[in-house]
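Chemist: Structure in structure tokens, see below.
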Amino acid sequence: MSTDARIARVIATAQALEMLAALRAKHGPLMFFQSGGCCDGSSPMCYAAGEFNLSDSDVYLGDLEGTPFYMGKEQFAYWEHTQLIIDVVAGNGGMFSLDNGTGKRFLTRSRLFSDAENLTLGAQPPLHREK
């Protein structure tokens with residue numbers, strides 16, 4: 001299967017990519033981890049690359065313009081039939097996320113994959129990235 005035909009598990013709006021570029025210019029290489037709750041609820045957390053410790057149970061979903069995006073395995077089990085759409089809205093970011101203090105925050109929107117997309121996803125080899 002061509003990588004061009006690959007269905008993305010995570011995508012971003014133009015506004016999110018613009019904010020991501022601004023944060024990258026300020027902080028260097030970045031990474032995302034989809035928070036599963038606790039202090040900051042279920043929100044996409046943006047960190048400087050390597051500032052969040054990933055484990056073997058974290059799932060790599062793909063890149064947003066070169067910025068890797070991860071989620072915990074248990075949370076992925078609930079979201080695997082859903083495409084994550086990273087957006088930006090007004091407000092405060094998560095306590096530990098680099099969007100905090102910018103007056104904007106990343107937000108995860110989602111949509112269910114179609115039956116055809118789910119079949120294609122099932123045939124796609126898993127993505128791998130060095131952590």
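Going by the structure tokens order, chains are called A, B, ..., each with residues numbered from 1, while ligands are numbered from 1 in the order shown.
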Can you list, as a list in words, every protein, DNA or RNA residue that comes within 12 Å of Thr120 (chain A) when you count only C-alpha atoms, leaving out same-chain residues fewer than 5 positions away?
Modeler: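 Listing them by chain and then by number gives Met1, Ser2, Ala5, Arg6, Ile7, Ala8, Arg9, His81, Phe113, Ser114, Asp115, Pro125 and Pro126 of chain A.
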Chemist: Can you list, as a PyMOL selection string, every residue of region 11-98 of chain A that DSSP puts in strand (DSSP E)?
Modeler: chain A and resi 11-12+30-34+44-48+58-64+67-72+82-90
Chemist: Write the selection just made, keeping N, CA, C and O atoms, as a tab-separated table (two decimals), in the first residue's frame?
Modeler:
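Resulting contents of selection_33.tsv:
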chain	number	residue	atom	x	y	z
A	11	ILE	N	-5.06	14.77	12.46
A	11	ILE	CA	-4.86	15.88	11.54
A	11	ILE	C	-5.02	17.18	12.34
A	11	ILE	O	-5.39	17.15	13.52
A	12	ALA	N	-4.74	18.31	11.71
A	12	ALA	CA	-4.86	19.59	12.40
A	12	ALA	C	-5.47	20.64	11.48
A	12	ALA	O	-5.30	20.59	10.26
A	30	LEU	N	8.95	19.81	18.83
A	30	LEU	CA	7.85	19.59	19.77
A	30	LEU	C	7.30	18.18	19.66
A	30	LEU	O	7.64	17.44	18.74
A	31	MET	N	6.42	17.85	20.58
A	31	MET	CA	5.67	16.60	20.56
A	31	MET	C	4.32	16.84	21.21
A	31	MET	O	4.16	17.78	21.98
A	32	PHE	N	3.34	16.00	20.87
A	32	PHE	CA	2.02	16.04	21.49
A	32	PHE	C	1.76	14.73	22.21
A	32	PHE	O	2.18	13.65	21.76
A	33	PHE	N	1.02	14.83	23.31
A	33	PHE	CA	0.47	13.65	23.98
A	33	PHE	C	-0.97	13.97	24.33
A	33	PHE	O	-1.25	15.00	24.96
A	34	GLN	N	-1.89	13.11	23.89
A	34	GLN	CA	-3.30	13.31	24.20
A	34	GLN	C	-3.54	12.91	25.64
A	34	GLN	O	-3.48	11.74	25.99
A	44	PRO	N	-5.12	17.81	24.14
A	44	PRO	CA	-3.80	17.57	23.54
A	44	PRO	C	-2.76	18.44	24.23
A	44	PRO	O	-2.91	19.66	24.30
A	45	MET	N	-1.77	17.80	24.78
A	45	MET	CA	-0.72	18.52	25.50
A	45	MET	C	0.50	18.63	24.59
A	45	MET	O	0.98	17.63	24.05
A	46	CYS	N	1.02	19.85	24.44
A	46	CYS	CA	2.17	20.12	23.59
A	46	CYS	C	3.39	20.33	24.47
A	46	CYS	O	3.37	21.15	25.40
A	47	TYR	N	4.45	19.59	24.20
A	47	TYR	CA	5.68	19.65	24.97
A	47	TYR	C	6.87	19.87	24.04
A	47	TYR	O	6.80	19.52	22.87
A	48	ALA	N	7.96	20.37	24.61
A	48	ALA	CA	9.22	20.36	23.87
A	48	ALA	C	9.57	18.88	23.67
A	48	ALA	O	9.31	18.04	24.54
A	58	ASP	N	2.48	3.53	25.02
A	58	ASP	CA	1.96	4.69	24.30
A	58	ASP	C	1.94	4.38	22.81
A	58	ASP	O	2.80	3.70	22.28
A	59	VAL	N	0.91	4.90	22.14
A	59	VAL	CA	0.68	4.64	20.72
A	59	VAL	C	1.01	5.90	19.92
A	59	VAL	O	0.54	6.99	20.24
A	60	TYR	N	1.81	5.72	18.90
A	60	TYR	CA	2.15	6.81	17.97
A	60	TYR	C	1.06	6.88	16.90
A	60	TYR	O	0.81	5.91	16.20
A	61	LEU	N	0.39	8.04	16.80
A	61	LEU	CA	-0.72	8.19	15.84
A	61	LEU	C	-0.30	8.82	14.52
A	61	LEU	O	-1.02	8.72	13.53
A	62	GLY	N	0.81	9.53	14.51
A	62	GLY	CA	1.27	10.22	13.31
A	62	GLY	C	1.90	11.55	13.66
A	62	GLY	O	2.09	11.87	14.83
A	63	ASP	N	2.22	12.31	12.64
A	63	ASP	CA	2.86	13.62	12.81
A	63	ASP	C	1.94	14.73	12.33
A	63	ASP	O	1.17	14.54	11.39
A	64	LEU	N	2.07	15.87	12.97
A	64	LEU	CA	1.45	17.11	12.51
A	64	LEU	C	2.59	18.01	12.07
A	64	LEU	O	3.29	18.58	12.91
A	67	THR	N	5.66	17.07	13.86
A	67	THR	CA	5.52	16.98	15.31
A	67	THR	C	4.77	15.69	15.66
A	67	THR	O	3.59	15.55	15.31
A	68	PRO	N	5.43	14.74	16.33
A	68	PRO	CA	4.78	13.46	16.62
A	68	PRO	C	3.64	13.61	17.63
A	68	PRO	O	3.69	14.46	18.53
A	69	PHE	N	2.64	12.76	17.48
A	69	PHE	CA	1.45	12.78	18.32
A	69	PHE	C	1.25	11.39	18.90
A	69	PHE	O	1.18	10.41	18.16
A	70	TYR	N	1.14	11.31	20.23
A	70	TYR	CA	1.00	10.03	20.94
A	70	TYR	C	-0.24	10.05	21.83
A	70	TYR	O	-0.75	11.09	22.21
A	71	MET	N	-0.63	8.83	22.22
A	71	MET	CA	-1.76	8.63	23.12
A	71	MET	C	-1.52	7.31	23.86
A	71	MET	O	-0.90	6.40	23.31
A	72	GLY	N	-2.02	7.21	25.09
A	72	GLY	CA	-1.90	5.97	25.84
A	72	GLY	C	-2.68	4.84	25.18
A	72	GLY	O	-3.73	5.06	24.57
A	82	THR	N	-11.78	6.63	15.56
A	82	THR	CA	-12.01	8.07	15.50
A	82	THR	C	-10.77	8.79	14.98
A	82	THR	O	-9.67	8.51	15.42
A	83	GLN	N	-10.98	9.72	14.07
A	83	GLN	CA	-9.89	10.58	13.63
A	83	GLN	C	-9.85	11.78	14.56
A	83	GLN	O	-10.87	12.44	14.79
A	84	LEU	N	-8.68	12.08	15.10
A	84	LEU	CA	-8.51	13.25	15.96
A	84	LEU	C	-8.20	14.46	15.08
A	84	LEU	O	-7.38	14.38	14.17
A	85	ILE	N	-8.87	15.55	15.36
A	85	ILE	CA	-8.68	16.80	14.62
A	85	ILE	C	-8.25	17.84	15.64
A	85	ILE	O	-9.03	18.27	16.49
A	86	ILE	N	-6.98	18.23	15.58
A	86	ILE	CA	-6.44	19.18	16.55
A	86	ILE	C	-6.76	20.59	16.06
A	86	ILE	O	-6.46	20.95	14.93
A	87	ASP	N	-7.37	21.36	16.94
A	87	ASP	CA	-7.82	22.71	16.62
A	87	ASP	C	-7.29	23.66	17.70
A	87	ASP	O	-6.66	23.22	18.67
A	88	VAL	N	-7.58	24.92	17.56
A	88	VAL	CA	-7.21	25.95	18.53
A	88	VAL	C	-8.44	26.77	18.85
A	88	VAL	O	-9.21	27.13	17.95
A	89	VAL	N	-8.62	27.06	20.13
A	89	VAL	CA	-9.71	27.92	20.59
A	89	VAL	C	-9.14	28.90	21.61
A	89	VAL	O	-8.04	28.71	22.14
A	90	ALA	N	-9.89	29.95	21.89
A	90	ALA	CA	-9.47	30.91	22.92
A	90	ALA	C	-9.53	30.24	24.29
A	90	ALA	O	-10.39	29.40	24.54
Chemist: At a cut-off of 10 Å, using only C-alpha atoms, what residues contact Ala21 (chain A)? Leave out same-chain residues fewer than 6 positions from it and give the result as a PyMOL selection string.
Modeler: chain A and resi 15+27-30+65+67
Chemist: Output all heavy atoms of each residue in that selection to a file, as a compact mmCIF listing (two decimals), in the first residue's frame.
Modeler:
# COMPACT_ATOMS: atom_id res chain seq x y z
N GLN A 15 -5.38 26.76 11.78
CA GLN A 15 -5.09 27.56 12.97
C GLN A 15 -4.19 26.79 13.94
O GLN A 15 -3.28 27.37 14.54
CB GLN A 15 -6.39 27.97 13.69
CG GLN A 15 -7.27 28.90 12.89
CD GLN A 15 -8.17 28.16 11.89
OE1 GLN A 15 -8.14 26.95 11.73
NE2 GLN A 15 -8.98 28.93 11.18
N HIS A 27 10.31 27.25 20.89
CA HIS A 27 10.78 26.17 21.76
C HIS A 27 11.58 25.09 21.06
O HIS A 27 12.09 24.17 21.71
CB HIS A 27 9.59 25.52 22.47
CG HIS A 27 8.82 26.44 23.33
ND1 HIS A 27 9.25 26.86 24.57
CD2 HIS A 27 7.63 27.07 23.13
CE1 HIS A 27 8.36 27.68 25.11
NE2 HIS A 27 7.37 27.83 24.24
N GLY A 28 11.67 25.12 19.73
CA GLY A 28 12.36 24.05 19.00
C GLY A 28 11.42 22.89 18.72
O GLY A 28 10.20 23.04 18.78
N PRO A 29 11.98 21.71 18.45
CA PRO A 29 11.15 20.54 18.13
C PRO A 29 10.15 20.24 19.25
O PRO A 29 10.46 20.39 20.43
CB PRO A 29 12.17 19.40 17.99
CG PRO A 29 13.45 20.09 17.67
CD PRO A 29 13.41 21.41 18.39
N LEU A 30 8.95 19.81 18.83
CA LEU A 30 7.85 19.59 19.77
C LEU A 30 7.30 18.18 19.66
O LEU A 30 7.64 17.44 18.74
CB LEU A 30 6.72 20.59 19.48
CG LEU A 30 7.08 22.07 19.50
CD1 LEU A 30 5.90 22.90 19.00
CD2 LEU A 30 7.50 22.51 20.88
N GLU A 65 2.84 18.05 10.77
CA GLU A 65 3.96 18.81 10.20
C GLU A 65 5.26 18.54 10.95
O GLU A 65 5.96 19.44 11.38
CB GLU A 65 3.65 20.30 10.13
CG GLU A 65 2.56 20.60 9.12
CD GLU A 65 2.43 22.08 8.78
OE1 GLU A 65 2.98 22.94 9.48
OE2 GLU A 65 1.73 22.35 7.79
N THR A 67 5.66 17.07 13.86
CA THR A 67 5.52 16.98 15.31
C THR A 67 4.77 15.69 15.66
O THR A 67 3.59 15.55 15.31
CB THR A 67 4.76 18.21 15.87
OG1 THR A 67 5.51 19.38 15.55
CG2 THR A 67 4.60 18.11 17.37
Chemist: Work out how far apart CA of Phe106 (chain A) and CA of Gly93 (chain A) are and give it in Å to one decimal.
Modeler: 6.8 Å
Chemist: Pick from A:Leu119, A:Gly36, A:Gly103, A:Leu98: nearest to Tyr78 (chain A), with only C-alpha atoms counted?
Modeler: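 The shortest atom-to-atom distance to Tyr78 (chain A) comes from A:Gly36.
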Chemist: Could you please determine the separation between CA of Glu74 (chain A) and CA of Ser57 (chain A) in Å, to one decimal place?
Modeler: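 For CA of Glu74 (chain A) relative to CA of Ser57 (chain A), the distance reads 8.3 Å.
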Chemist: I need the residue nearest Leu54 (chain A) from this list: A:Arg129, A:Asn92, A:Ala22, A:Ser110. Use only C-alpha atoms for the distance.
Modeler: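 Using only C-alpha atoms, Leu54 (chain A) sits closest to A:Arg129.
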Chemist: Restricting the calculation to only C-alpha atoms: of A:Ser97, A:Asn118, A:Ser55, A:Thr13, which residue gets closest to Ser43 (chain A)?
Modeler: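 Closest to Ser43 (chain A), using only C-alpha atoms: A:Ser97.
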Chemist: Can you work out which one of A:Ala123, A:Leu112, A:Ser35, A:His128 has the shortest atom-to-atom distance to Met95 (chain A), counting only C-alpha atoms?
Modeler: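 When distances to Met95 (chain A) are compared using only C-alpha atoms, the smallest one comes from A:Ser35.
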